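A quick write-up on the structure given underneath.
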Amino acid sequence: MKAKATLKQIAKELNVSVSTVSKALNDSPEISEQTKIRIKEYAKLKNYKPNVIGLNLKNRKTKTIGVIIPNILNSFFAKVFSGIEKVADEKGYNVITCISNESIVKEINTLEMLSNGTIDGFILSVSEEAQKQHEFNHFKEIINEGTPIVMFDRIADEVDCDKVVVDDFDSALHATQHLIDIGCKNIALFSSVDNLSVGKLRADGYLKALQNNNIAVNENLIIKTDSEEDLKDKIETIFENNTIDGIFALDENDSVAALRIGIKKGYKIPEELSIIGFADGILASRRLSPSLTSVSQHGPEIGEAAAKLLIERLESKEENLPYKTTVIKTELRERESTRKI
């Protein structure tokens, strides 16, 4: 293993003081940019690593962010994490990642375990159980203890903290309007995320689009559940008992189920049935045949925005920095599952 250099060795080699090396590595404004670059490049070459324990004792900062995601199998969360890690790395922060597995108990335990001085702040998306039970006190307690939290995607309006969201309502309205614009008159709504905040917002956007176009709501074409298996069973029933020419699916798995069952039932896609899904994954969008027209949530951008908000708060000298909510705009990506206008 390559030997690690010390501050003293770097200072000696570059003929500067230990204090200058330390300040340069910590981006002090007292040091010129040219000197910072020279010292940082040399430190990297010599495999210099800061003494984290020493930093903790001196600054009471770990330079570590705790990230809690609800589901490791969801490609959207993987994309968000890539954005978090990118910014954290650029800013000199480490990342500890934990999975709540949609459990409020695991979410609480993780918050308690990491908020004992292991991390400086959290970036998280609220678990399914917490949203279902409408229980958010564990977040409030952590914030009151002085550990900041940035919520993304699934948030709790009752918790005062920084947040990063996508425009779920407007995105759903726009996607449903697109189906109407290409001639769809009987548009079904498929949702297995009705217990989540994002699911409710997307369903409201769908209903608003129908209202804007004076299209009567047909409850027989709406499935709102919190179970993927229940959704699949109900999709089969809807196809058997109703005429459908458009589908708006509110989650990646809902989108895949809609496409596969539609094909199984003999629909020609997109000639007879057009489908749009909230889906950021490669499976749903590009690897299915036909490929899925999708609402892209720009996961990496969400992660980058969340990390920037947290680090800004951690490094701010202002004690009562106002909380911010950053809205990331989605994008409707047209592929083979929808007709052209």
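Labels used: A, B, ... for chains in the order of the structure tokens, numbers from 1 for residues in each chain, and numbers from 1 for ligands as shown.
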
Leaving out Leu189 in chain A and any residue of its chain fewer than 3 positions from it, which residues lie within 7 Å of it when counting only C-alpha atoms, given as a ChimeraX atom specification? /A:221-223,247-249

Selection above as a file: C-alpha atoms, as a short mmCIF file (atom, residue, chain, number, x, y, z; two decimals), in the first residue's frame:
```cif
data_model
loop_
_atom_site.label_atom_id
_atom_site.label_comp_id
_atom_site.auth_asym_id
_atom_site.auth_seq_id
_atom_site.Cartn_x
_atom_site.Cartn_y
_atom_site.Cartn_z
CA LEU A 221 -60.59 3.38 -15.14
CA ILE A 222 -58.79 4.44 -11.95
CA ILE A 223 -56.71 2.08 -9.82
CA ILE A 247 -52.83 4.86 -19.65
CA PHE A 248 -50.99 7.11 -17.22
CA ALA A 249 -48.95 5.00 -14.77
#
```

Which residues in range 27-221 of chain A does DSSP call alpha helix (DSSP H)? List them as JSON, numbers by chain. {"A": [33, 34, 35, 36, 37, 38, 39, 40, 41, 42, 43, 44, 45, 52, 53, 54, 55, 56, 57, 58, 59, 75, 76, 77, 78, 79, 80, 81, 82, 83, 84, 85, 86, 87, 88, 89, 90, 104, 105, 106, 107, 108, 109, 110, 111, 112, 113, 114, 128, 129, 130, 131, 132, 133, 137, 138, 139, 140, 141, 142, 143, 144, 168, 169, 170, 171, 172, 173, 174, 175, 176, 177, 178, 179, 180, 181, 197, 198, 199, 200, 201, 202, 203, 204, 205, 206, 207, 208, 209, 210, 211, 212]}

DSSP says strand (DSSP E or B) for which residues of range 175-251 of chain A? Put them as a list in words?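 So, restricting range 175-251 of chain A to strand (DSSP E or B), we get Ile187, Ala188, Leu189, Phe190, Ser191, Ile222, Ile223, Lys224, Gly246, Ile247, Phe248 and Ala249 of chain A.
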
Restricting it to N, CA, C and O atoms, dump the selection as a JSON list (two decimals), in the first residue's frame.
```json
[["chain", "number", "residue", "atom", "x", "y", "z"],
["A", 187, "ILE", "N", -58.81, 7.43, -20.70],
["A", 187, "ILE", "CA", -57.46, 7.34, -20.12],
["A", 187, "ILE", "C", -57.53, 6.75, -18.72],
["A", 187, "ILE", "O", -58.17, 7.32, -17.82],
["A", 188, "ALA", "N", -56.86, 5.63, -18.53],
["A", 188, "ALA", "CA", -56.83, 4.97, -17.22],
["A", 188, "ALA", "C", -55.67, 5.52, -16.38],
["A", 188, "ALA", "O", -54.65, 5.97, -16.91],
["A", 189, "LEU", "N", -55.85, 5.47, -15.07],
["A", 189, "LEU", "CA", -54.81, 5.84, -14.11],
["A", 189, "LEU", "C", -54.43, 4.61, -13.31],
["A", 189, "LEU", "O", -55.29, 3.99, -12.68],
["A", 190, "PHE", "N", -53.14, 4.23, -13.34],
["A", 190, "PHE", "CA", -52.65, 3.07, -12.57],
["A", 190, "PHE", "C", -51.66, 3.56, -11.53],
["A", 190, "PHE", "O", -50.63, 4.14, -11.86],
["A", 191, "SER", "N", -51.97, 3.31, -10.25],
["A", 191, "SER", "CA", -51.07, 3.75, -9.18],
["A", 191, "SER", "C", -50.99, 2.71, -8.08],
["A", 191, "SER", "O", -51.99, 2.31, -7.50],
["A", 222, "ILE", "N", -59.78, 3.96, -12.91],
["A", 222, "ILE", "CA", -58.79, 4.44, -11.95],
["A", 222, "ILE", "C", -58.47, 3.36, -10.92],
["A", 222, "ILE", "O", -59.36, 2.84, -10.24],
["A", 223, "ILE", "N", -57.18, 3.01, -10.85],
["A", 223, "ILE", "CA", -56.71, 2.08, -9.82],
["A", 223, "ILE", "C", -55.75, 2.83, -8.91],
["A", 223, "ILE", "O", -54.71, 3.31, -9.36],
["A", 224, "LYS", "N", -56.11, 2.92, -7.63],
["A", 224, "LYS", "CA", -55.23, 3.54, -6.65],
["A", 224, "LYS", "C", -55.08, 2.57, -5.48],
["A", 224, "LYS", "O", -56.04, 2.30, -4.76],
["A", 246, "GLY", "N", -55.73, 4.96, -23.51],
["A", 246, "GLY", "CA", -54.58, 5.64, -22.93],
["A", 246, "GLY", "C", -54.38, 5.23, -21.48],
["A", 246, "GLY", "O", -55.35, 4.90, -20.78],
["A", 247, "ILE", "N", -53.14, 5.19, -21.04],
["A", 247, "ILE", "CA", -52.83, 4.86, -19.65],
["A", 247, "ILE", "C", -51.77, 5.83, -19.13],
["A", 247, "ILE", "O", -50.76, 6.09, -19.80],
["A", 248, "PHE", "N", -52.01, 6.35, -17.93],
["A", 248, "PHE", "CA", -50.99, 7.11, -17.22],
["A", 248, "PHE", "C", -50.65, 6.31, -15.96],
["A", 248, "PHE", "O", -51.49, 6.11, -15.09],
["A", 249, "ALA", "N", -49.40, 5.82, -15.89],
["A", 249, "ALA", "CA", -48.95, 5.00, -14.77],
["A", 249, "ALA", "C", -48.02, 5.81, -13.87],
["A", 249, "ALA", "O", -47.13, 6.50, -14.36]]
```

Residue among A:Glu304, A:Glu272, A:Glu236, A:Asp204 lying closest to Ser337 in chain A, counting only C-alpha atoms: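 Ranking A:Glu304, A:Glu272, A:Glu236, A:Asp204 by distance to Ser337 in chain A, first place goes to A:Glu272.
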
Write out as a ChimeraX atom specification each polymer residue whose atoms come within 10 Å of range 315-322 of chain A, counting only C-alpha atoms; drop sequence neighbours fewer than 5 positions from it. /A:160-162,310

Once you have the residues from the selection above, write them out as a JSON list (two decimals), in the first residue's frame, restricted to N, CA and C atoms.
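Now in part.json:
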```json
[["chain", "number", "residue", "atom", "x", "y", "z"],
["A", 160, "ASP", "N", -40.11, 21.13, 9.21],
["A", 160, "ASP", "CA", -39.38, 22.30, 8.72],
["A", 160, "ASP", "C", -37.93, 21.92, 8.44],
["A", 161, "CYS", "N", -37.60, 21.83, 7.16],
["A", 161, "CYS", "CA", -36.23, 21.51, 6.74],
["A", 161, "CYS", "C", -36.09, 21.84, 5.27],
["A", 162, "ASP", "N", -34.88, 21.75, 4.75],
["A", 162, "ASP", "CA", -34.66, 21.94, 3.32],
["A", 162, "ASP", "C", -35.23, 20.74, 2.56],
["A", 310, "LEU", "N", -27.61, 20.79, 1.76],
["A", 310, "LEU", "CA", -27.11, 20.36, 3.07],
["A", 310, "LEU", "C", -25.74, 20.96, 3.37]]
```

For CA of Ser291 in chain A and CA of Ile244 in chain A, determine how far apart the two atoms are, in Å to one decimal place.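 Separating CA of Ser291 in chain A from CA of Ile244 in chain A is a distance of 19.3 Å.
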
Which is closest to Arg287 in chain A among A:Lys324, A:His138, A:Lys329, A:Arg335, if we use only C-alpha atoms?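 Between A:Lys324, A:His138, A:Lys329, A:Arg335, the residue approaching Arg287 in chain A most closely is A:Arg335.
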
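A straight line drawn from CA of Leu124 in chain A to CA of Val295 in chain A is 21.9 Å long.
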
Any idea what's packed within 7 Å of Glu102 in chain A, counting only C-alpha atoms, ignoring anything in its chain fewer than 4 positions away? Could you give it as a PDB file with C-alpha atoms, in the first residue's frame?
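Final output, result08.pdb:
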```
ATOM      1  CA  PRO A  70     -36.257   3.675   1.169  1.00  0.00           C
ATOM      2  CA  ASN A  71     -35.559   1.046  -1.465  1.00  0.00           C
ATOM      3  CA  SER A 127     -40.189   5.660   4.220  1.00  0.00           C
ATOM      4  CA  GLU A 128     -43.522   4.267   3.046  1.00  0.00           C
ATOM      5  CA  GLU A 129     -44.560   3.366   6.610  1.00  0.00           C
TER       6      GLU A 129
END
```

Skipping near chain neighbours, those fewer than 5 positions away, what residues fall within 7 Å of range 84-100 of chain A using only C-alpha atoms, listed as an MDAnalysis selection string? chainID A and resid 63:72 106:107 127 303:304 306:308

Take the residues from that selection and put them in a file with N, CA and C atoms, as a short mmCIF file (atom, residue, chain, number, x, y, z; two decimals), in the first residue's frame.
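So part-v8.cif came out as:
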```cif
data_model
loop_
_atom_site.label_atom_id
_atom_site.label_comp_id
_atom_site.auth_asym_id
_atom_site.auth_seq_id
_atom_site.Cartn_x
_atom_site.Cartn_y
_atom_site.Cartn_z
N LYS A 63 -17.33 15.82 8.47
CA LYS A 63 -17.28 15.91 6.99
C LYS A 63 -17.90 14.65 6.38
N THR A 64 -18.96 14.15 7.04
CA THR A 64 -19.64 12.95 6.57
C THR A 64 -21.14 13.20 6.53
N ILE A 65 -21.78 12.77 5.44
CA ILE A 65 -23.22 12.92 5.25
C ILE A 65 -23.88 11.55 5.35
N GLY A 66 -24.97 11.48 6.08
CA GLY A 66 -25.76 10.25 6.14
C GLY A 66 -26.89 10.30 5.13
N VAL A 67 -26.98 9.26 4.31
CA VAL A 67 -28.05 9.20 3.29
C VAL A 67 -28.93 7.99 3.61
N ILE A 68 -30.24 8.22 3.71
CA ILE A 68 -31.19 7.13 3.97
C ILE A 68 -32.16 7.06 2.80
N ILE A 69 -32.14 5.93 2.09
CA ILE A 69 -33.06 5.75 0.97
C ILE A 69 -34.02 4.61 1.30
N PRO A 70 -35.25 4.67 0.78
CA PRO A 70 -36.26 3.68 1.17
C PRO A 70 -36.10 2.31 0.51
N ASN A 71 -35.53 2.28 -0.69
CA ASN A 71 -35.56 1.05 -1.46
C ASN A 71 -34.34 0.96 -2.37
N ILE A 72 -33.48 0.00 -2.11
CA ILE A 72 -32.23 -0.12 -2.88
C ILE A 72 -32.47 -0.65 -4.29
N LYS A 106 -36.85 1.00 11.20
CA LYS A 106 -35.47 1.03 10.71
C LYS A 106 -35.03 2.46 10.44
N GLU A 107 -35.94 3.29 9.97
CA GLU A 107 -35.65 4.69 9.72
C GLU A 107 -35.27 5.40 11.02
N SER A 127 -39.76 7.04 4.43
CA SER A 127 -40.19 5.66 4.22
C SER A 127 -41.69 5.57 3.98
N GLY A 303 -30.25 14.63 -6.54
CA GLY A 303 -29.20 14.33 -5.58
C GLY A 303 -28.21 15.47 -5.43
N GLU A 304 -27.82 16.06 -6.55
CA GLU A 304 -26.87 17.18 -6.51
C GLU A 304 -27.47 18.36 -5.75
N ALA A 306 -29.82 18.32 -3.47
CA ALA A 306 -29.95 17.98 -2.05
C ALA A 306 -28.62 18.12 -1.33
N ALA A 307 -27.56 17.61 -1.95
CA ALA A 307 -26.23 17.69 -1.33
C ALA A 307 -25.77 19.15 -1.19
N LYS A 308 -26.05 19.95 -2.21
CA LYS A 308 -25.65 21.36 -2.15
C LYS A 308 -26.39 22.10 -1.03
#
```

Taking only C-alpha atoms into account, which of A:Thr325, A:Thr62, A:Ser197, A:Ser75 comes nearest Val126 in chain A?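 The answer is A:Ser197, which sits nearest to Val126 in chain A.
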
Of the listed residues A:Glu240, A:Leu179, A:Val21, A:Asp230, that which approaches Asn213 in chain A most closely, counting only C-alpha atoms: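 Comparing A:Glu240, A:Leu179, A:Val21, A:Asp230 against Asn213 in chain A, the winner is A:Leu179.
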
For each of A:Arg333, A:Lys232, A:Arg154, A:Lys23, take the minimum atom-to-atom distance to His174 in chain A, counting only C-alpha atoms, then give the residue where this is smallest.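 Going through A:Arg333, A:Lys232, A:Arg154, A:Lys23 one by one, the smallest distance to His174 in chain A is for A:Arg333.
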
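Restricting the calculation to only C-alpha atoms, the smallest distance between Leu314 in chain A and any of A:Ala78, A:Leu231, A:Val150, A:Leu25 is found for A:Val150.
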
What does the structure give for the distance between CA of Glu33 in chain A and CA of Leu7 in chain A, in Å to one decimal?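 Result for CA of Glu33 in chain A versus CA of Leu7 in chain A: 18.6 Å, one decimal.
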
Give me, as a list in words, all polymer residues having an atom no more than 10 Å from Leu332 in chain A, counting only C-alpha atoms and skipping those fewer than 2 positions away in the same chain.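 Surrounding residues, per the criterion: Ser171, Ala172, His174, Ala175, His178, Ile276, Gly277, Phe278, Thr293, Ser294, Val295, Ser296, Gln297, Thr330, Glu334 and Arg335 of chain A.
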
Could you save the residues just selected, with all heavy atoms, as a CSV table (one decimal), in the first residue's frame?
```
chain,number,residue,atom,x,y,z
A,171,SER,N,-46.3,17.8,-13.6
A,171,SER,CA,-45.8,16.7,-14.5
A,171,SER,C,-46.9,15.8,-14.9
A,171,SER,O,-47.0,15.4,-16.1
A,171,SER,CB,-44.7,15.9,-13.9
A,171,SER,OG,-43.6,16.8,-13.5
A,172,ALA,N,-47.7,15.4,-14.0
A,172,ALA,CA,-48.8,14.5,-14.2
A,172,ALA,C,-49.9,15.2,-15.1
A,172,ALA,O,-50.4,14.6,-16.0
A,172,ALA,CB,-49.5,14.1,-12.9
A,174,HIS,N,-49.3,17.6,-17.3
A,174,HIS,CA,-48.7,17.7,-18.6
A,174,HIS,C,-48.8,16.3,-19.3
A,174,HIS,O,-49.1,16.3,-20.5
A,174,HIS,CB,-47.3,18.2,-18.5
A,174,HIS,CG,-46.6,18.3,-19.8
A,174,HIS,ND1,-47.0,19.1,-20.9
A,174,HIS,CD2,-45.5,17.6,-20.2
A,174,HIS,CE1,-46.2,18.9,-21.9
A,174,HIS,NE2,-45.2,18.0,-21.5
A,175,ALA,N,-48.4,15.2,-18.6
A,175,ALA,CA,-48.4,13.9,-19.2
A,175,ALA,C,-49.8,13.5,-19.7
A,175,ALA,O,-50.0,13.0,-20.8
A,175,ALA,CB,-47.8,12.9,-18.2
A,178,HIS,N,-50.9,15.4,-22.6
A,178,HIS,CA,-50.3,14.9,-23.9
A,178,HIS,C,-51.1,13.7,-24.4
A,178,HIS,O,-51.3,13.6,-25.6
A,178,HIS,CB,-48.8,14.4,-23.6
A,178,HIS,CG,-48.1,14.0,-24.8
A,178,HIS,ND1,-47.5,14.8,-25.7
A,178,HIS,CD2,-47.8,12.7,-25.3
A,178,HIS,CE1,-46.9,14.2,-26.7
A,178,HIS,NE2,-47.1,12.9,-26.4
A,276,ILE,N,-48.0,6.3,-20.9
A,276,ILE,CA,-47.0,7.2,-20.3
A,276,ILE,C,-46.8,6.7,-18.9
A,276,ILE,O,-47.8,6.5,-18.2
A,276,ILE,CB,-47.4,8.7,-20.4
A,276,ILE,CG1,-47.5,9.1,-21.8
A,276,ILE,CG2,-46.3,9.5,-19.7
A,276,ILE,CD1,-48.0,10.6,-22.0
A,277,GLY,N,-45.5,6.6,-18.5
A,277,GLY,CA,-45.3,6.3,-17.1
A,277,GLY,C,-44.3,7.2,-16.4
A,277,GLY,O,-43.4,7.8,-17.1
A,278,PHE,N,-44.4,7.3,-15.1
A,278,PHE,CA,-43.4,8.0,-14.3
A,278,PHE,C,-42.3,6.9,-14.1
A,278,PHE,O,-42.4,6.0,-13.3
A,278,PHE,CB,-44.0,8.4,-12.9
A,278,PHE,CG,-44.1,9.9,-12.7
A,278,PHE,CD1,-45.2,10.6,-13.0
A,278,PHE,CD2,-43.0,10.6,-12.2
A,278,PHE,CE1,-45.3,11.9,-12.8
A,278,PHE,CE2,-43.1,11.9,-12.0
A,278,PHE,CZ,-44.2,12.6,-12.3
A,293,THR,N,-42.7,5.8,-23.3
A,293,THR,CA,-42.7,7.2,-23.1
A,293,THR,C,-42.8,7.5,-21.6
A,293,THR,O,-43.7,7.0,-20.9
A,293,THR,CB,-43.9,7.9,-23.8
A,293,THR,OG1,-43.7,7.7,-25.2
A,293,THR,CG2,-44.0,9.3,-23.5
A,294,SER,N,-41.9,8.3,-21.1
A,294,SER,CA,-41.8,8.4,-19.6
A,294,SER,C,-41.6,9.8,-19.2
A,294,SER,O,-41.1,10.7,-19.9
A,294,SER,CB,-40.7,7.6,-19.1
A,294,SER,OG,-39.4,8.0,-19.6
A,295,VAL,N,-42.0,10.1,-17.9
A,295,VAL,CA,-41.7,11.3,-17.2
A,295,VAL,C,-40.4,11.1,-16.5
A,295,VAL,O,-40.4,10.4,-15.5
A,295,VAL,CB,-42.8,11.7,-16.2
A,295,VAL,CG1,-42.5,13.0,-15.5
A,295,VAL,CG2,-44.2,11.8,-16.9
A,296,SER,N,-39.4,11.8,-17.0
A,296,SER,CA,-38.1,11.6,-16.4
A,296,SER,C,-37.9,12.6,-15.2
A,296,SER,O,-38.1,13.8,-15.4
A,296,SER,CB,-37.0,11.9,-17.4
A,296,SER,OG,-35.7,11.8,-16.8
A,297,GLN,N,-37.5,12.1,-14.0
A,297,GLN,CA,-37.4,12.9,-12.8
A,297,GLN,C,-36.0,13.5,-12.6
A,297,GLN,O,-35.8,14.2,-11.7
A,297,GLN,CB,-37.8,12.0,-11.6
A,297,GLN,CG,-39.2,11.5,-11.6
A,297,GLN,CD,-39.4,10.4,-10.6
A,297,GLN,OE1,-39.2,9.3,-10.9
A,297,GLN,NE2,-39.8,10.8,-9.4
A,330,THR,N,-39.3,18.1,-14.3
A,330,THR,CA,-39.3,16.9,-15.0
A,330,THR,C,-39.3,17.1,-16.5
A,330,THR,O,-39.4,18.2,-17.0
A,330,THR,CB,-40.5,16.0,-14.7
A,330,THR,OG1,-41.7,16.6,-15.0
A,330,THR,CG2,-40.5,15.7,-13.2
A,334,GLU,N,-40.6,11.3,-25.1
A,334,GLU,CA,-41.4,10.5,-26.0
A,334,GLU,C,-40.7,9.4,-26.6
A,334,GLU,O,-39.6,9.6,-27.2
A,334,GLU,CB,-42.0,11.4,-27.1
A,334,GLU,CG,-43.0,12.5,-26.5
A,334,GLU,CD,-43.6,13.3,-27.6
A,334,GLU,OE1,-44.2,12.7,-28.5
A,334,GLU,OE2,-43.4,14.6,-27.6
A,335,ARG,N,-41.3,8.2,-26.5
A,335,ARG,CA,-40.7,7.0,-27.1
A,335,ARG,C,-41.8,6.3,-27.9
A,335,ARG,O,-42.7,6.9,-28.4
A,335,ARG,CB,-40.0,6.1,-26.1
A,335,ARG,CG,-38.8,6.9,-25.4
A,335,ARG,CD,-38.1,5.9,-24.5
A,335,ARG,NE,-37.0,6.6,-23.8
A,335,ARG,CZ,-37.1,7.2,-22.6
A,335,ARG,NH1,-38.2,7.2,-21.9
A,335,ARG,NH2,-36.0,7.8,-22.0
```
